[in-house]
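Chemist: Structure incoming, see below.
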Amino acid sequence: PLFRWIIQAWMIGFLTRKRFLRTKRGIVLIQKIYRGHFYRKEYLKIRRAVLVFQKFARGWSARKLYHRLLEEKRLEEERLREEERQRKEEKQRELERLEEERKTQEVEEMRARLAEEERQKTAAQELKKRRSEEESKRAVAKAREIERVRKRQEEAEREARKRAEESTRMAEEAALAAAEEAERLAAEQSAMLEAEAEQAAISQIAELDSALRAAEEDSDDEETVSLAPPGPGSELAERRMSELPPGIEEKTIEGYLTMKAGSKWKRRWCVLKFGTFMYFRGKQDFVRAGWMEKKGGGTGTLSRRNWKKRFFVLRDDRKLSYYEKDEEAAKPLGVINIAEAKDILDHGTKKANSFGIEVVGRVYHIIAESDEDCRAWVSVLKKMQQSSDVEVKLMKSESMNSRNAVGTLDISNIESCTPLESVSKPTAFTIITADRVFQFIADTMGDMNAWVTALQPTGLGDTVTGPSAVIENGWLIKESFSKKLRTKRYFVLNDQGLDYYKSTDTSVPPVGQILINSLCTVYLSEDATGKDASHSSFIVNSRRRFYKLTAKSHADAQRWVHSILDVIDCRPPIITPTEKLIDDIKDAKPKEIEAIYRINPILCYTSSQLKSSLLPLPYGNVQSQKAKTRGYGTLQEEALRIFNSLQDQESSGDPIPVIQGILQTCFDLPQLRNEVYCQLIKQTNTTQLDSIAVLRNWQVLACMCSSFLPARKFLRYLRFHLKRYQDSFPHTEMVKFSNFCTEAVKRTRQRDYPPSREEIIACLGRRELTAVVHCFGGGTCKISINSSTTAGEVVHKLSLGIGVMDSKNRFALFEQCGDLSKAIEDRAVIADVLAKFERYEAHGINEGGRRWRLFFKLFCFLDINVSADSLESGFMFEQAYNDVIQGRFPTAATQTLVRLAALRIQHDVGDYKSGAWIPNLETVYPVKKKVQKEEELDKGYTLKGTLRGLGKGTLRKLKNMESDDPTQKLADEAELQAIKVSVTDQWKKLKGMSREVAQEQYMDVIRSWKGYGSTLFHVEYKQDNRYPKELWLAINKQCVALYKRGDLEPIVSYPYEQILSFGAPVANTYKLIMEGNVVVSVETPKVLEIAKLMKAYINAIVKERRNSELPARR
């Protein structure tokens, strides 16, 4: 039984365990099935979520890609438009170039026809002349034959008398030979005495020179000036005889004088003739002389065939000698007998300015220095061949004129001529003019007295008699720049200049003299501005150099400067030949005017460079800060540079950069404008009609007339020049430019900037400039303007075009770049604004890569209740929307901003559609914190220390400022998502609302602020602790108020009746003074705009009250 129980128990256990395992497997299977079902359900849920997320992500990426493609498309369209515009401009320039070439070709063909006609006419005249000469020769031959027969009859009679007189003649010849021998001995003795006298004079000059150098060892600053080279004014001197006033006798004297030229004394031949003092290198015993190049005459391989520079002298014995030096004692290297020359060749070689002299066995090849010189040499050599002895002597006497002189001086320009009264130089005398000093030494005391008497300017000018009155005297320290020394000298200021001595004894000759004329300048040096400086320096600019003088104190330096300025003001003005001729043209008759132009080439076109300016210009460098920063030299140097630039642009492929440089110089240096006008009138005064070079100068003149006006005297001369060409050369391109210039000078205004490249291109084409004006909503308008169109005229034209002329509110033009906006004054020239934009673009000065542009919007809100259907209401709506986006609407309620954003979307897009998306929330909602960004931009928008313009530091700040400034804090992504959801929900509620209703409700929300119509300026209050530091200064028609930024209610407000004064006593500080001695001072960079806006409101209030009082008075 036990064994059976065990087996039974084991069987039961086995069955139970088997059942348990089967049950366990079922439970495990059920668990697996449940877990699989659960995980599949979770997987499907996650999969659906992922699909939804991928859907939204793909939509977001697609929209982003779509907007990027739109932006790329817009940029590509802009690029294509720009390329199209450039192609049109290139095509226009090409057409203009072809037109110029066509006209040039027509002119050349016309000239060729005229030359051919002239040649045929000359040939006919030559033929007629030859026939008449042949007839006269036949008549002469017949007369000679008759004369020969008559002479043969008389020979027999003379033969009889000859024999009778033979004995008498032999006796006379013996007596004549004896007399000639005695005369030869006397001539040799006289020549020996002259040589001894000349040697004694040379030794005396050497002694005087050594004595003078010893006396001048302590001062190397004595003002000495060489005679002026012969120029256009010398032609006036040649006609001096006919111009001498009645009652003044002609003074003629000639002889050798020793003249100081720089630091050396040179012996020169001086002549006073026809009221002109002339200076020559040697005695004028020749017909013509000058430097030329001669080719060597060798024929072999080793012979010299190179070109050498030689000094040629043609004398009245018909011999042309050439020397290695231009000295009197030089020995000739060769002599060409012109009387025996076969021919004078007009062109000796293929080189320019060459001619030849053909003699027996050789041809001399010579090159002159210029084409004019070459023609003169050929002409005088041919005349020398064909002229008689009497005519040759007349040619020699005519050679002693101002053209062959090294220097000339008109007696009427001499202010004094007095002996020097020096022990070391007893025969020395000085000639003083308005702008220079000449020192001479005569051979004897009698010669000196004769020269001084002859050179006295009696009746032709003011003669200095006796010593001048002392105006100021004292010790000053003079700096010597050649030896870098500082020497103490006793200075005496009189009405002629500054004399300085080694001691206070002024009875001795001065060590040096600084002559003062009307062109001298004086000013305190930069190191003399310190109040604590023990010494103060000032600069005196004279004709030759400048002097730096140091006084004991700043007050002494100022006293010296004022005294010297008084002397400069009292000096007679210096008049150049060009200025004198302009005065002559003003008073001359029409026939005399053409004679003046014909006789005086200084008024006509030239291809040579100028040696000096056409007008008198002040000495020294210009002291303006703008001139110093740009590195300008003296006015004389800049005038010559401008003339060289005018000549360069005549053949330049692109003259616009050259013209820009000239206009920039005239803008920076106003003293040069009259000079540049005279240069342009000179370079356009020619008979070369419509040549390229002349038309280029006319183009520059058109740009000048559109930019700057000369002084009244030269404006009259300019108008005369333009009228003269309009009457003389009608139907030419020059007349078209003349008409353009005439109209331009009638309307040209004062400019703040030199013209831009686009303006210069417009002036070159004689057309108007196009300006693009933008407004809210992306609208643009192209307006044609000229170089003097003002912002007020553009505003008037736009207001008239859009029909808001009767509006009480005032519109204005603004300079805008991104969030930067600045009102443009009505009197501002639009061309200046465009030139300023061009400079900003060139320096990369902008905000976020945006371009500067002209913007048209409301300036003064005088009536905020306008009709909702009017165009003016649209302007107010867009401007209010812009203020909201820039954070200038005082509300902290997010719901208000959300509603405004929804209304704007409803206005722009329309009803909400399923799946609609707000791509850029910043366009409808003020997401960015823009306040600090605007403050930083505003701080750089005003030049430090001034109220206008952009300084260099500001330009760098704006250039380096990026749109992703770290101070511009963006809202959290979750917050942005929440705002988008709120705006979208609000947008859904506006379904069915029209654009007009959305705009009206938007404006209702804006007008709910009591201060609507105010212009808000960000300011900082640091006067005391009454108000917060960061404020809004609100300006409207009723009052000026202070708001805490973001608040709806003002902290304080001041009606205009309580405001006594307002302005900016200090840079970037705006101050208001009210009744009761209440002062409010805030810091802001926009003081000028605040003042302009307040002034506009005050003027509107005064005008409104005045109009309301008129009916009551009636």
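For the structure tokens, the naming scheme is as follows: chains receive sequential letters (A, B, ...) according to their order of presentation, residues are indexed from 1 within each chain, and ligands are indexed from 1 in presentation order.
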Mind running stretch 845-866 of chain A against stretch 775-779 of chain A at 9 Å and telling me each contacting residue's nearest atom pair with the distance in Å (one decimal), counting only C-alpha atoms, chain and number ascending, as JSON lines?
Modeler:
{"residue": "A:Leu854", "atom": "CA", "partner": "A:Cys775", "partner_atom": "CA", "distance": 8.5}
{"residue": "A:Phe855", "atom": "CA", "partner": "A:Cys775", "partner_atom": "CA", "distance": 5.5}
{"residue": "A:Phe856", "atom": "CA", "partner": "A:Cys775", "partner_atom": "CA", "distance": 5.2}
{"residue": "A:Lys857", "atom": "CA", "partner": "A:Cys775", "partner_atom": "CA", "distance": 6.6}
Chemist: Can you tell me, as an MDAnalysis selection string, what residues are no more than 7 Å from A:Glu369 when counting only C-alpha atoms, ignoring any on the same chain fewer than 2 positions away?
Modeler: chainID A and resid 292 367 373
Chemist: So that I can check the secondary structure, give me every residue of stretch 750-888 of chain A assigned strand (DSSP E or B) by backbone DSSP, as a PyMOL selection string.
Modeler: chain A and resi 769-774+780-785+790+810-817+820-823+829+853-860
Chemist: Could you state the separation of atom CA of A:Ala711 and atom CA of A:Val833 in Å, given to one decimal place?
Modeler: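 These atoms are spaced 25.2 Å apart.
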Chemist: Would you mind listing what lies within 8 Å of A:Gln496 as an MDAnalysis selection string, with only C-alpha atoms counted and same-chain residues fewer than 4 positions away left out?
Modeler: chainID A and resid 468 515:517 567
Chemist: Choose the residue, out of A:Glu157, A:Glu479, A:Glu768, A:Glu78, that has the smallest atom-to-atom separation from A:Phe546; count only C-alpha atoms.
Modeler: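 Smallest distance to A:Phe546 is found for A:Glu479.
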Chemist: Give me, please, the distance in Å between atom CA of A:Glu166 and atom CA of A:Arg148, quoted to one decimal.
Modeler: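 Between atom CA of A:Glu166 and atom CA of A:Arg148 the gap is 24.9 Å.
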Chemist: Show which residues sit within 10 Å of A:Cys520, as number ranges by chain. Count only C-alpha atoms, and ignore same-chain residues fewer than 3 positions away.
Modeler: A: 435, 515-517, 540-543, 546, 564-565, 567-569, 571, 617-620
Chemist: Could you tell me how far atom CA of A:Glu650 lies from atom CA of A:Ala693, in Å and to one decimal?
Modeler: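 Going from atom CA of A:Glu650 over to atom CA of A:Ala693, I get 4.6 Å.
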Chemist: Considering only helix (DSSP H, G or I) as DSSP defines it on the backbone, what residues of stretch 686-815 of chain A qualify? List them as number ranges by chain.
Modeler: A: 692-707, 712-728, 733-747, 757-764, 791-802
Chemist: Which residue gives the smallest distance to A:Val271 among A:Leu455, A:Asp832, A:Val107, A:Val287, with only C-alpha atoms counted?
Modeler: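 Using only C-alpha atoms, the shortest distance to A:Val271 belongs to A:Leu455.
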Chemist: Given the choices A:Tyr881, A:Trp560, A:Tyr490, A:Tyr322, which gets closest to A:Gly290 if the distance is worked out from only C-alpha atoms?
Modeler: A:Tyr322
Chemist: For A:Phe643, work out the shell of residues within 7 Å, counting only C-alpha atoms and skipping chain neighbours fewer than 4 positions away, then give it as number ranges by chain.
Modeler: A: 639, 647, 679
Chemist: Write the residues you've just listed into a file as a PDB file, in the first residue's frame, and include all heavy atoms for each of them.
Modeler:
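result31.pdb written:
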ATOM      1  N   ALA A 639      45.362 125.951 -58.028  1.00  0.00           N
ATOM      2  CA  ALA A 639      44.862 126.536 -59.277  1.00  0.00           C
ATOM      3  C   ALA A 639      45.582 125.936 -60.478  1.00  0.00           C
ATOM      4  O   ALA A 639      44.951 125.603 -61.498  1.00  0.00           O
ATOM      5  CB  ALA A 639      45.032 128.052 -59.245  1.00  0.00           C
ATOM      6  N   GLN A 647      43.248 120.187 -68.781  1.00  0.00           N
ATOM      7  CA  GLN A 647      43.916 119.742 -70.000  1.00  0.00           C
ATOM      8  C   GLN A 647      43.952 118.228 -70.110  1.00  0.00           C
ATOM      9  O   GLN A 647      43.867 117.679 -71.207  1.00  0.00           O
ATOM     10  CB  GLN A 647      45.332 120.321 -70.036  1.00  0.00           C
ATOM     11  CG  GLN A 647      45.372 121.839 -70.192  1.00  0.00           C
ATOM     12  CD  GLN A 647      46.778 122.391 -70.208  1.00  0.00           C
ATOM     13  OE1 GLN A 647      47.657 121.876 -69.534  1.00  0.00           O
ATOM     14  NE2 GLN A 647      46.993 123.449 -70.973  1.00  0.00           N
ATOM     15  N   GLN A 679      39.478 130.158 -65.845  1.00  0.00           N
ATOM     16  CA  GLN A 679      40.183 129.141 -66.623  1.00  0.00           C
ATOM     17  C   GLN A 679      39.257 128.483 -67.638  1.00  0.00           C
ATOM     18  O   GLN A 679      39.644 128.258 -68.797  1.00  0.00           O
ATOM     19  CB  GLN A 679      40.768 128.088 -65.689  1.00  0.00           C
ATOM     20  CG  GLN A 679      41.908 128.592 -64.816  1.00  0.00           C
ATOM     21  CD  GLN A 679      42.464 127.510 -63.920  1.00  0.00           C
ATOM     22  OE1 GLN A 679      42.050 126.347 -63.990  1.00  0.00           O
ATOM     23  NE2 GLN A 679      43.389 127.869 -63.042  1.00  0.00           N
TER      24      GLN A 679
END
Chemist: Using only C-alpha atoms, which residue out of A:Val700, A:Leu519, A:Ala115, A:Ala791 lies closest to A:Pro616?
Modeler: A:Leu519
Chemist: Give me the residues near stretch 627-631 of chain A as a count of residues only, where near means some atom within 12 Å (using only C-alpha atoms) and where sequence neighbours in that chain fewer than 6 positions away do not count.
Modeler: 13
Chemist: Return the single residue from A:Arg362, A:Lys382, A:Arg150, A:Lys350 that is closest to A:Gly296, with distances computed using only C-alpha atoms.
Modeler: A:Arg362
